[in-house]
Every structure is written in structure tokens, then in C-alpha cells.
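J.: A single structure is presented below for examination.
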Amino acid sequence: MSENAYITPVLKLWNQFSAYPGGKYLFSKFVQYKAPYFKTVNAQVVELKPNYARLTIKKRKAVQNHIGTVHVIAICNLLEMAMGACAEASIPKHLRWIPKGMSVEYTAKAGSDITGIAQINPEQWRAGDLDVVITALDDKGVVVLKGVIKLWISEKK
């Protein structure tokens with residue numbers, strides 16, 4: 001956390017919701033309400049703290065491809081949601097962010113539920129490019145996708 005112990009509004013909301021039964025589910029629905037496209041993968045936020053987010057999606061027909069594995073674009077959507085939650089839970093008060101690009105490598109078939117993790121090196125929080133490391137794992141812990149989402153960080157005016 002930053003030197004002045006700033007807690008972002010998203011992190012404050014997560015801390016409030018996640019303290020109660022069903023709160024993580026409700027928080028996840030709130031994120032999907034704010035960014036409706038994420039409803040397509042129905043991801044659940046499992047863990048959120050400064051510079052780290054872990055989300056999951058269930059393997060179900062709506063996210064599968066023609067060979068019965070979780071479609072890589074569904075996994076990318078999961079990871080983009082993880083990145084957004086991570087960034088919003090972490091960004092210093094004087095900065096703002098916008099996605100600039102995503103690079104991914106498919107490393108294995110995704111034949112189960114998927115966990116998506118986004119991680120930020122806290123020392124990168126300054127104006128300019130910031131790389132968010134993203135990783136997707138199957139239910140056995142096998143990495144099925146890895147990559148980076150590049151953010152553009154700028155000072156608020």
C-alpha cells in the first residue's frame with residue numbers, strides 16, 4: 001500500500017462486501033454492472049488486495065469452444081476483469097489508467113474451471129507504461145494462459 005495508506009474506493013467496497021456471506025458474489029455482480037461486458041464470462045472475484053486480484057470462472061457451455069475447452073477469449077475477458085479490479089484496488093489517488101494492449105501466450109488446454117490472476121509491481125505506479133502480469137490456471141494449477149496487459153498511467157488533472 002502507498003505511504004499515506006490510501007484505500008481506493010473499490011478496495012474499500014471489496015473490504016466491506018467480502019466480510020459477509022455472499023459478499024464476494026455481490027461485489028462481483030457490482031463489477032459486472034459497472035462494466036457490463038464482463039457479464040459474458042460471469043467471473044467471481046475471490047481475492048482482491050493492492051496490486052493483486054484473483055478471479056474464477058466456471059467451465060460451462062457459454063464459455064466453451066468447439067472442442068469443449070474454455071475459449072481463450074473468455075479467459076482473456078476473465079484476465080481483463082482481474083486486471084481492472086486489481087488496478088482500481090491499487091492505483092494511487094493522483095493517477096489514472098487506461099488499457100493500452102494485451103499480449104498473451106496459450107500454454108495448455110483449458111479443460112476445467114479457470115482461475116485468473118492479475119499482479120502489479122507496486123513500484124511501477126507512476127506516469128507512463130505499466131505492465132500487469134496475468135496468469136490463468138486450470139483446477140490442477142496448470143498455467144493455461146500467461147501474458148501482460150499494458151496500461152497507460154497518467155497524472156489526474
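Here's how to read the names in the C-alpha cells: chain A, B, ... by the order shown, residue numbers from 1 in each chain, ligand numbers from 1 in the order shown.
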Out of chain A, which residues get strand (DSSP E) from DSSP, as a PyMOL selection string?
T.: chain A and resi 44-49+52-57+95-106+114-120+128-137+143-155
J.: Could you write out that same residue set with N, CA and C atoms as a compact mmCIF listing (two decimals), in the first residue's frame?
T.:
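Saved result, again.txt, follows:
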# COMPACT_ATOMS: atom_id res chain seq x y z
N GLN A 44 -16.10 -14.50 -10.88
CA GLN A 44 -16.27 -14.21 -9.46
C GLN A 44 -14.94 -13.74 -8.87
N VAL A 45 -14.99 -12.61 -8.19
CA VAL A 45 -13.79 -12.12 -7.50
C VAL A 45 -13.62 -12.96 -6.24
N VAL A 46 -12.46 -13.58 -6.10
CA VAL A 46 -12.16 -14.45 -4.97
C VAL A 46 -11.27 -13.74 -3.95
N GLU A 47 -10.32 -12.97 -4.48
CA GLU A 47 -9.37 -12.26 -3.61
C GLU A 47 -8.99 -10.95 -4.29
N LEU A 48 -8.95 -9.89 -3.50
CA LEU A 48 -8.58 -8.58 -4.03
C LEU A 48 -7.83 -7.82 -2.94
N LYS A 49 -6.64 -7.40 -3.29
CA LYS A 49 -5.83 -6.58 -2.39
C LYS A 49 -4.97 -5.68 -3.27
N TYR A 52 -2.97 -6.99 -6.51
CA TYR A 52 -3.25 -8.42 -6.72
C TYR A 52 -4.76 -8.66 -6.79
N ALA A 53 -5.17 -9.45 -7.79
CA ALA A 53 -6.56 -9.87 -7.88
C ALA A 53 -6.59 -11.32 -8.36
N ARG A 54 -7.52 -12.09 -7.78
CA ARG A 54 -7.73 -13.48 -8.21
C ARG A 54 -9.22 -13.67 -8.42
N LEU A 55 -9.57 -14.11 -9.63
CA LEU A 55 -10.95 -14.34 -10.02
C LEU A 55 -11.09 -15.74 -10.58
N THR A 56 -12.32 -16.24 -10.65
CA THR A 56 -12.56 -17.56 -11.24
C THR A 56 -13.74 -17.50 -12.20
N ILE A 57 -13.72 -18.42 -13.16
CA ILE A 57 -14.90 -18.69 -13.99
C ILE A 57 -15.12 -20.19 -14.01
N LEU A 95 -3.31 9.39 -9.75
CA LEU A 95 -3.11 8.79 -11.08
C LEU A 95 -4.40 8.24 -11.65
N ARG A 96 -4.39 7.97 -12.95
CA ARG A 96 -5.49 7.30 -13.64
C ARG A 96 -4.88 6.32 -14.65
N TRP A 97 -5.69 5.38 -15.12
CA TRP A 97 -5.17 4.35 -16.02
C TRP A 97 -6.14 4.11 -17.17
N ILE A 98 -5.58 3.58 -18.25
CA ILE A 98 -6.38 3.11 -19.38
C ILE A 98 -5.60 1.97 -20.03
N PRO A 99 -6.30 0.91 -20.45
CA PRO A 99 -5.59 -0.19 -21.10
C PRO A 99 -4.98 0.25 -22.42
N LYS A 100 -3.81 -0.27 -22.71
CA LYS A 100 -3.08 0.09 -23.92
C LYS A 100 -2.85 -1.11 -24.83
N GLY A 101 -2.88 -2.32 -24.26
CA GLY A 101 -2.68 -3.51 -25.07
C GLY A 101 -2.61 -4.75 -24.21
N MET A 102 -2.74 -5.90 -24.88
CA MET A 102 -2.69 -7.18 -24.19
C MET A 102 -1.88 -8.14 -25.05
N SER A 103 -0.94 -8.84 -24.44
CA SER A 103 -0.18 -9.88 -25.11
C SER A 103 -0.34 -11.16 -24.30
N VAL A 104 -0.73 -12.24 -25.00
CA VAL A 104 -0.95 -13.49 -24.28
C VAL A 104 -0.31 -14.65 -25.03
N GLU A 105 -0.01 -15.68 -24.27
CA GLU A 105 0.53 -16.92 -24.81
C GLU A 105 -0.33 -18.06 -24.28
N TYR A 106 -0.86 -18.88 -25.18
CA TYR A 106 -1.64 -20.04 -24.77
C TYR A 106 -0.67 -21.16 -24.47
N ILE A 114 -11.49 -22.09 -14.44
CA ILE A 114 -10.25 -21.34 -14.62
C ILE A 114 -10.14 -20.26 -13.54
N THR A 115 -8.92 -20.13 -13.01
CA THR A 115 -8.58 -19.05 -12.09
C THR A 115 -7.71 -18.06 -12.84
N GLY A 116 -8.07 -16.79 -12.75
CA GLY A 116 -7.29 -15.73 -13.38
C GLY A 116 -6.67 -14.83 -12.34
N ILE A 117 -5.40 -14.55 -12.50
CA ILE A 117 -4.66 -13.72 -11.54
C ILE A 117 -4.03 -12.54 -12.26
N ALA A 118 -4.17 -11.36 -11.68
CA ALA A 118 -3.51 -10.15 -12.17
C ALA A 118 -2.64 -9.62 -11.05
N GLN A 119 -1.38 -9.28 -11.41
CA GLN A 119 -0.43 -8.78 -10.41
C GLN A 119 0.30 -7.56 -10.96
N ILE A 120 0.50 -6.59 -10.08
CA ILE A 120 1.20 -5.36 -10.44
C ILE A 120 2.36 -5.17 -9.49
N GLY A 128 3.30 6.80 -17.26
CA GLY A 128 3.95 6.02 -18.31
C GLY A 128 3.35 4.63 -18.41
N ASP A 129 4.06 3.73 -19.06
CA ASP A 129 3.59 2.36 -19.22
C ASP A 129 3.70 1.57 -17.92
N LEU A 130 2.72 0.73 -17.69
CA LEU A 130 2.73 -0.18 -16.54
C LEU A 130 2.29 -1.55 -17.04
N ASP A 131 3.07 -2.57 -16.75
CA ASP A 131 2.75 -3.94 -17.16
C ASP A 131 2.07 -4.69 -16.02
N VAL A 132 0.86 -5.18 -16.30
CA VAL A 132 0.15 -6.03 -15.36
C VAL A 132 0.37 -7.47 -15.81
N VAL A 133 0.97 -8.27 -14.96
CA VAL A 133 1.23 -9.67 -15.28
C VAL A 133 -0.06 -10.46 -15.05
N ILE A 134 -0.46 -11.22 -16.06
CA ILE A 134 -1.70 -12.00 -15.98
C ILE A 134 -1.38 -13.48 -16.18
N THR A 135 -2.09 -14.31 -15.42
CA THR A 135 -1.90 -15.75 -15.49
C THR A 135 -3.25 -16.42 -15.29
N ALA A 136 -3.52 -17.45 -16.10
CA ALA A 136 -4.73 -18.25 -15.93
C ALA A 136 -4.31 -19.69 -15.67
N LEU A 137 -4.96 -20.30 -14.68
CA LEU A 137 -4.63 -21.67 -14.28
C LEU A 137 -5.88 -22.54 -14.30
N VAL A 143 -0.75 -23.77 -15.75
CA VAL A 143 -0.90 -22.49 -16.43
C VAL A 143 -1.42 -22.75 -17.85
N VAL A 144 -2.59 -22.18 -18.16
CA VAL A 144 -3.18 -22.37 -19.49
C VAL A 144 -3.01 -21.13 -20.37
N LEU A 145 -2.73 -20.00 -19.74
CA LEU A 145 -2.51 -18.76 -20.47
C LEU A 145 -1.68 -17.85 -19.58
N LYS A 146 -0.71 -17.16 -20.20
CA LYS A 146 0.07 -16.18 -19.45
C LYS A 146 0.31 -14.99 -20.36
N GLY A 147 0.55 -13.85 -19.75
CA GLY A 147 0.80 -12.68 -20.57
C GLY A 147 0.90 -11.40 -19.76
N VAL A 148 0.69 -10.30 -20.47
CA VAL A 148 0.81 -8.96 -19.89
C VAL A 148 -0.29 -8.09 -20.48
N ILE A 149 -0.91 -7.30 -19.63
CA ILE A 149 -1.78 -6.23 -20.09
C ILE A 149 -1.04 -4.93 -19.79
N LYS A 150 -0.81 -4.16 -20.83
CA LYS A 150 -0.09 -2.89 -20.68
C LYS A 150 -1.11 -1.78 -20.43
N LEU A 151 -0.84 -1.00 -19.39
CA LEU A 151 -1.66 0.15 -19.06
C LEU A 151 -0.89 1.43 -19.33
N TRP A 152 -1.61 2.48 -19.68
CA TRP A 152 -1.04 3.81 -19.75
C TRP A 152 -1.47 4.53 -18.49
N ILE A 153 -0.50 4.97 -17.72
CA ILE A 153 -0.76 5.67 -16.46
C ILE A 153 -0.44 7.15 -16.66
N SER A 154 -1.37 8.00 -16.21
CA SER A 154 -1.13 9.44 -16.32
C SER A 154 -1.60 10.13 -15.05
N GLU A 155 -1.10 11.34 -14.85
CA GLU A 155 -1.49 12.16 -13.71
C GLU A 155 -2.92 12.68 -13.93
J.: Excluding stretch 24-35 of chain A and its own-chain neighbours fewer than 2 positions away, which residues fall within 9 Å of it when counting only C-alpha atoms? Please give them as a list in words.
T.: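 With the cut-off at 9 Å, the set is Leu13, Trp14, Phe17, Ser18, Ala19, Tyr20, Pro21, Gly22, Tyr37, Phe38, Lys39, Asn42, Ala43, Gln44, Val45, Val46, Glu47, Met81 and Ala85 of chain A.
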J.: With distances taken over only C-alpha atoms, which residue among A:Val142, A:Ala5, A:Ala127, A:Ile73 lies nearest A:His94?
T.: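 Closest residue, counting only C-alpha atoms: A:Ala127.
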J.: Closest to A:Arg60 among A:Asn15, A:Ser112, A:Asn77, A:Ser90, using only C-alpha atoms?
T.: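 Looking at the shortest contact to A:Arg60, the residue is A:Ser112.
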J.: Report as a JSON list (two decimals) with N, CA, C and O atoms, in the first residue's frame: the residues of stretch 8-157 of chain A with a DSSP assignment of alpha helix (DSSP H), based on the backbone of this structure.
T.:
[["chain", "number", "residue", "atom", "x", "y", "z"],
["A", 9, "PRO", "N", -11.56, 3.59, -3.43],
["A", 9, "PRO", "CA", -12.98, 3.29, -3.23],
["A", 9, "PRO", "C", -13.33, 1.83, -3.55],
["A", 9, "PRO", "O", -14.14, 1.23, -2.84],
["A", 10, "VAL", "N", -12.71, 1.27, -4.58],
["A", 10, "VAL", "CA", -13.01, -0.13, -4.93],
["A", 10, "VAL", "C", -12.50, -1.07, -3.84],
["A", 10, "VAL", "O", -13.20, -2.02, -3.46],
["A", 11, "LEU", "N", -11.33, -0.84, -3.33],
["A", 11, "LEU", "CA", -10.81, -1.70, -2.27],
["A", 11, "LEU", "C", -11.65, -1.55, -1.00],
["A", 11, "LEU", "O", -11.91, -2.54, -0.31],
["A", 12, "LYS", "N", -12.08, -0.35, -0.70],
["A", 12, "LYS", "CA", -12.94, -0.13, 0.46],
["A", 12, "LYS", "C", -14.25, -0.91, 0.30],
["A", 12, "LYS", "O", -14.70, -1.58, 1.24],
["A", 13, "LEU", "N", -14.83, -0.85, -0.90],
["A", 13, "LEU", "CA", -16.07, -1.58, -1.18],
["A", 13, "LEU", "C", -15.84, -3.09, -1.06],
["A", 13, "LEU", "O", -16.65, -3.80, -0.46],
["A", 14, "TRP", "N", -14.73, -3.59, -1.62],
["A", 14, "TRP", "CA", -14.39, -5.00, -1.52],
["A", 14, "TRP", "C", -14.27, -5.42, -0.04],
["A", 14, "TRP", "O", -14.82, -6.45, 0.36],
["A", 15, "ASN", "N", -13.57, -4.63, 0.74],
["A", 15, "ASN", "CA", -13.39, -4.96, 2.16],
["A", 15, "ASN", "C", -14.73, -5.02, 2.89],
["A", 15, "ASN", "O", -14.94, -5.89, 3.74],
["A", 16, "GLN", "N", -15.64, -4.12, 2.54],
["A", 16, "GLN", "CA", -16.96, -4.13, 3.17],
["A", 16, "GLN", "C", -17.77, -5.35, 2.74],
["A", 16, "GLN", "O", -18.33, -6.07, 3.56],
["A", 17, "PHE", "N", -17.85, -5.59, 1.42],
["A", 17, "PHE", "CA", -18.67, -6.68, 0.89],
["A", 17, "PHE", "C", -18.13, -8.05, 1.29],
["A", 17, "PHE", "O", -18.89, -8.93, 1.69],
["A", 18, "SER", "N", -16.82, -8.25, 1.15],
["A", 18, "SER", "CA", -16.24, -9.58, 1.32],
["A", 18, "SER", "C", -16.27, -10.06, 2.78],
["A", 18, "SER", "O", -16.04, -11.24, 3.04],
["A", 23, "GLY", "N", -20.96, -11.86, 0.08],
["A", 23, "GLY", "CA", -20.46, -10.54, -0.28],
["A", 23, "GLY", "C", -19.55, -10.53, -1.49],
["A", 23, "GLY", "O", -19.59, -9.60, -2.30],
["A", 24, "LYS", "N", -18.74, -11.57, -1.65],
["A", 24, "LYS", "CA", -17.86, -11.66, -2.82],
["A", 24, "LYS", "C", -18.69, -11.80, -4.10],
["A", 24, "LYS", "O", -18.37, -11.20, -5.12],
["A", 25, "TYR", "N", -19.76, -12.57, -4.01],
["A", 25, "TYR", "CA", -20.67, -12.72, -5.15],
["A", 25, "TYR", "C", -21.30, -11.37, -5.50],
["A", 25, "TYR", "O", -21.32, -10.97, -6.67],
["A", 26, "LEU", "N", -21.79, -10.66, -4.50],
["A", 26, "LEU", "CA", -22.42, -9.36, -4.75],
["A", 26, "LEU", "C", -21.41, -8.35, -5.30],
["A", 26, "LEU", "O", -21.74, -7.57, -6.21],
["A", 27, "PHE", "N", -20.20, -8.35, -4.77],
["A", 27, "PHE", "CA", -19.17, -7.46, -5.29],
["A", 27, "PHE", "C", -18.89, -7.78, -6.75],
["A", 27, "PHE", "O", -18.77, -6.87, -7.58],
["A", 28, "SER", "N", -18.79, -9.06, -7.10],
["A", 28, "SER", "CA", -18.55, -9.46, -8.48],
["A", 28, "SER", "C", -19.67, -8.97, -9.39],
["A", 28, "SER", "O", -19.41, -8.50, -10.50],
["A", 29, "LYS", "N", -20.91, -9.07, -8.93],
["A", 29, "LYS", "CA", -22.05, -8.57, -9.72],
["A", 29, "LYS", "C", -21.98, -7.06, -9.88],
["A", 29, "LYS", "O", -22.33, -6.52, -10.93],
["A", 30, "PHE", "N", -21.52, -6.37, -8.85],
["A", 30, "PHE", "CA", -21.35, -4.91, -8.93],
["A", 30, "PHE", "C", -20.34, -4.55, -10.01],
["A", 30, "PHE", "O", -20.57, -3.64, -10.81],
["A", 31, "VAL", "N", -19.22, -5.25, -10.04],
["A", 31, "VAL", "CA", -18.20, -5.00, -11.07],
["A", 31, "VAL", "C", -18.80, -5.23, -12.45],
["A", 31, "VAL", "O", -18.59, -4.44, -13.37],
["A", 32, "GLN", "N", -19.57, -6.30, -12.60],
["A", 32, "GLN", "CA", -20.20, -6.60, -13.89],
["A", 32, "GLN", "C", -21.25, -5.55, -14.26],
["A", 32, "GLN", "O", -21.45, -5.26, -15.44],
["A", 33, "TYR", "N", -21.90, -4.98, -13.28],
["A", 33, "TYR", "CA", -22.85, -3.90, -13.53],
["A", 33, "TYR", "C", -22.12, -2.66, -14.04],
["A", 33, "TYR", "O", -22.58, -2.00, -14.98],
["A", 34, "LYS", "N", -20.98, -2.35, -13.44],
["A", 34, "LYS", "CA", -20.21, -1.17, -13.85],
["A", 34, "LYS", "C", -19.55, -1.36, -15.21],
["A", 34, "LYS", "O", -19.33, -0.40, -15.93],
["A", 72, "VAL", "N", -10.26, -19.30, -25.30],
["A", 72, "VAL", "CA", -9.19, -18.39, -24.90],
["A", 72, "VAL", "C", -9.69, -16.94, -24.76],
["A", 72, "VAL", "O", -9.20, -16.21, -23.88],
["A", 73, "ILE", "N", -10.65, -16.54, -25.54],
["A", 73, "ILE", "CA", -11.16, -15.17, -25.42],
["A", 73, "ILE", "C", -11.94, -15.01, -24.11],
["A", 73, "ILE", "O", -11.88, -13.96, -23.47],
["A", 74, "ALA", "N", -12.64, -16.04, -23.69],
["A", 74, "ALA", "CA", -13.31, -16.00, -22.38],
["A", 74, "ALA", "C", -12.26, -15.85, -21.28],
["A", 74, "ALA", "O", -12.45, -15.09, -20.33],
["A", 75, "ILE", "N", -11.14, -16.56, -21.43],
["A", 75, "ILE", "CA", -10.06, -16.45, -20.44],
["A", 75, "ILE", "C", -9.46, -15.04, -20.48],
["A", 75, "ILE", "O", -9.18, -14.46, -19.43],
["A", 76, "CYS", "N", -9.29, -14.49, -21.66],
["A", 76, "CYS", "CA", -8.78, -13.11, -21.77],
["A", 76, "CYS", "C", -9.75, -12.13, -21.10],
["A", 76, "CYS", "O", -9.30, -11.18, -20.43],
["A", 77, "ASN", "N", -11.06, -12.35, -21.25],
["A", 77, "ASN", "CA", -12.04, -11.48, -20.59],
["A", 77, "ASN", "C", -11.93, -11.61, -19.07],
["A", 77, "ASN", "O", -12.00, -10.61, -18.35],
["A", 78, "LEU", "N", -11.76, -12.84, -18.58],
["A", 78, "LEU", "CA", -11.54, -13.06, -17.16],
["A", 78, "LEU", "C", -10.33, -12.27, -16.68],
["A", 78, "LEU", "O", -10.37, -11.58, -15.66],
["A", 79, "LEU", "N", -9.24, -12.36, -17.43],
["A", 79, "LEU", "CA", -8.00, -11.69, -17.04],
["A", 79, "LEU", "C", -8.10, -10.18, -17.16],
["A", 79, "LEU", "O", -7.50, -9.45, -16.36],
["A", 80, "GLU", "N", -8.86, -9.69, -18.12],
["A", 80, "GLU", "CA", -9.06, -8.24, -18.21],
["A", 80, "GLU", "C", -9.87, -7.73, -17.02],
["A", 80, "GLU", "O", -9.58, -6.67, -16.47],
["A", 81, "MET", "N", -10.85, -8.52, -16.60],
["A", 81, "MET", "CA", -11.62, -8.13, -15.41],
["A", 81, "MET", "C", -10.73, -8.16, -14.17],
["A", 81, "MET", "O", -10.80, -7.27, -13.33],
["A", 82, "ALA", "N", -9.87, -9.18, -14.09],
["A", 82, "ALA", "CA", -8.93, -9.26, -12.96],
["A", 82, "ALA", "C", -8.00, -8.05, -12.95],
["A", 82, "ALA", "O", -7.75, -7.44, -11.90],
["A", 83, "MET", "N", -7.49, -7.69, -14.13],
["A", 83, "MET", "CA", -6.60, -6.53, -14.23],
["A", 83, "MET", "C", -7.33, -5.26, -13.80],
["A", 83, "MET", "O", -6.79, -4.45, -13.04],
["A", 84, "GLY", "N", -8.56, -5.07, -14.27],
["A", 84, "GLY", "CA", -9.31, -3.87, -13.92],
["A", 84, "GLY", "C", -9.57, -3.77, -12.43],
["A", 84, "GLY", "O", -9.41, -2.70, -11.83],
["A", 85, "ALA", "N", -9.97, -4.89, -11.82],
["A", 85, "ALA", "CA", -10.20, -4.89, -10.38],
["A", 85, "ALA", "C", -8.89, -4.60, -9.64],
["A", 85, "ALA", "O", -8.87, -3.80, -8.68],
["A", 86, "CYS", "N", -7.82, -5.22, -10.08],
["A", 86, "CYS", "CA", -6.50, -5.02, -9.47],
["A", 86, "CYS", "C", -6.08, -3.56, -9.57],
["A", 86, "CYS", "O", -5.64, -2.95, -8.59],
["A", 87, "ALA", "N", -6.20, -2.98, -10.76],
["A", 87, "ALA", "CA", -5.81, -1.59, -10.96],
["A", 87, "ALA", "C", -6.65, -0.64, -10.11],
["A", 87, "ALA", "O", -6.11, 0.26, -9.46],
["A", 88, "GLU", "N", -7.96, -0.87, -10.09],
["A", 88, "GLU", "CA", -8.84, 0.01, -9.31],
["A", 88, "GLU", "C", -8.62, -0.13, -7.82],
["A", 88, "GLU", "O", -8.86, 0.81, -7.07],
["A", 89, "ALA", "N", -8.18, -1.30, -7.37],
["A", 89, "ALA", "CA", -7.91, -1.51, -5.95],
["A", 89, "ALA", "C", -6.54, -0.98, -5.53],
["A", 89, "ALA", "O", -6.24, -0.94, -4.34],
["A", 90, "SER", "N", -5.74, -0.56, -6.50],
["A", 90, "SER", "CA", -4.34, -0.26, -6.22],
["A", 90, "SER", "C", -3.89, 1.14, -6.57],
["A", 90, "SER", "O", -2.92, 1.63, -6.01]]
J.: In Å, how far is it from atom CA of A:Lys59 to atom CA of A:Ala110?
T.: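 It comes out at 8.8 Å.
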J.: Mind giving me the straight-line distance from atom CA of A:Lys109 to atom CA of A:Lys140 in Å, one decimal?
T.: 12.0 Å
J.: To one decimal place, how far is atom CA of A:Pro36 from atom CA of A:Lys93 in Å?
T.: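 Between atom CA of A:Pro36 and atom CA of A:Lys93 the gap is 24.8 Å.
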J.: Compare A:Gly141, A:Pro92, A:Lys61, A:Gln124 by their minimum atom-to-atom distance to A:Lys156, counting only C-alpha atoms, and give me the closest one.
T.: A:Pro92
J.: So, counting only C-alpha atoms, which residue among A:Arg126, A:Lys157, A:Lys58, A:Asn65 is closest to A:Asp113?
T.: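 For A:Asp113, the nearest of the given residues is A:Lys58.
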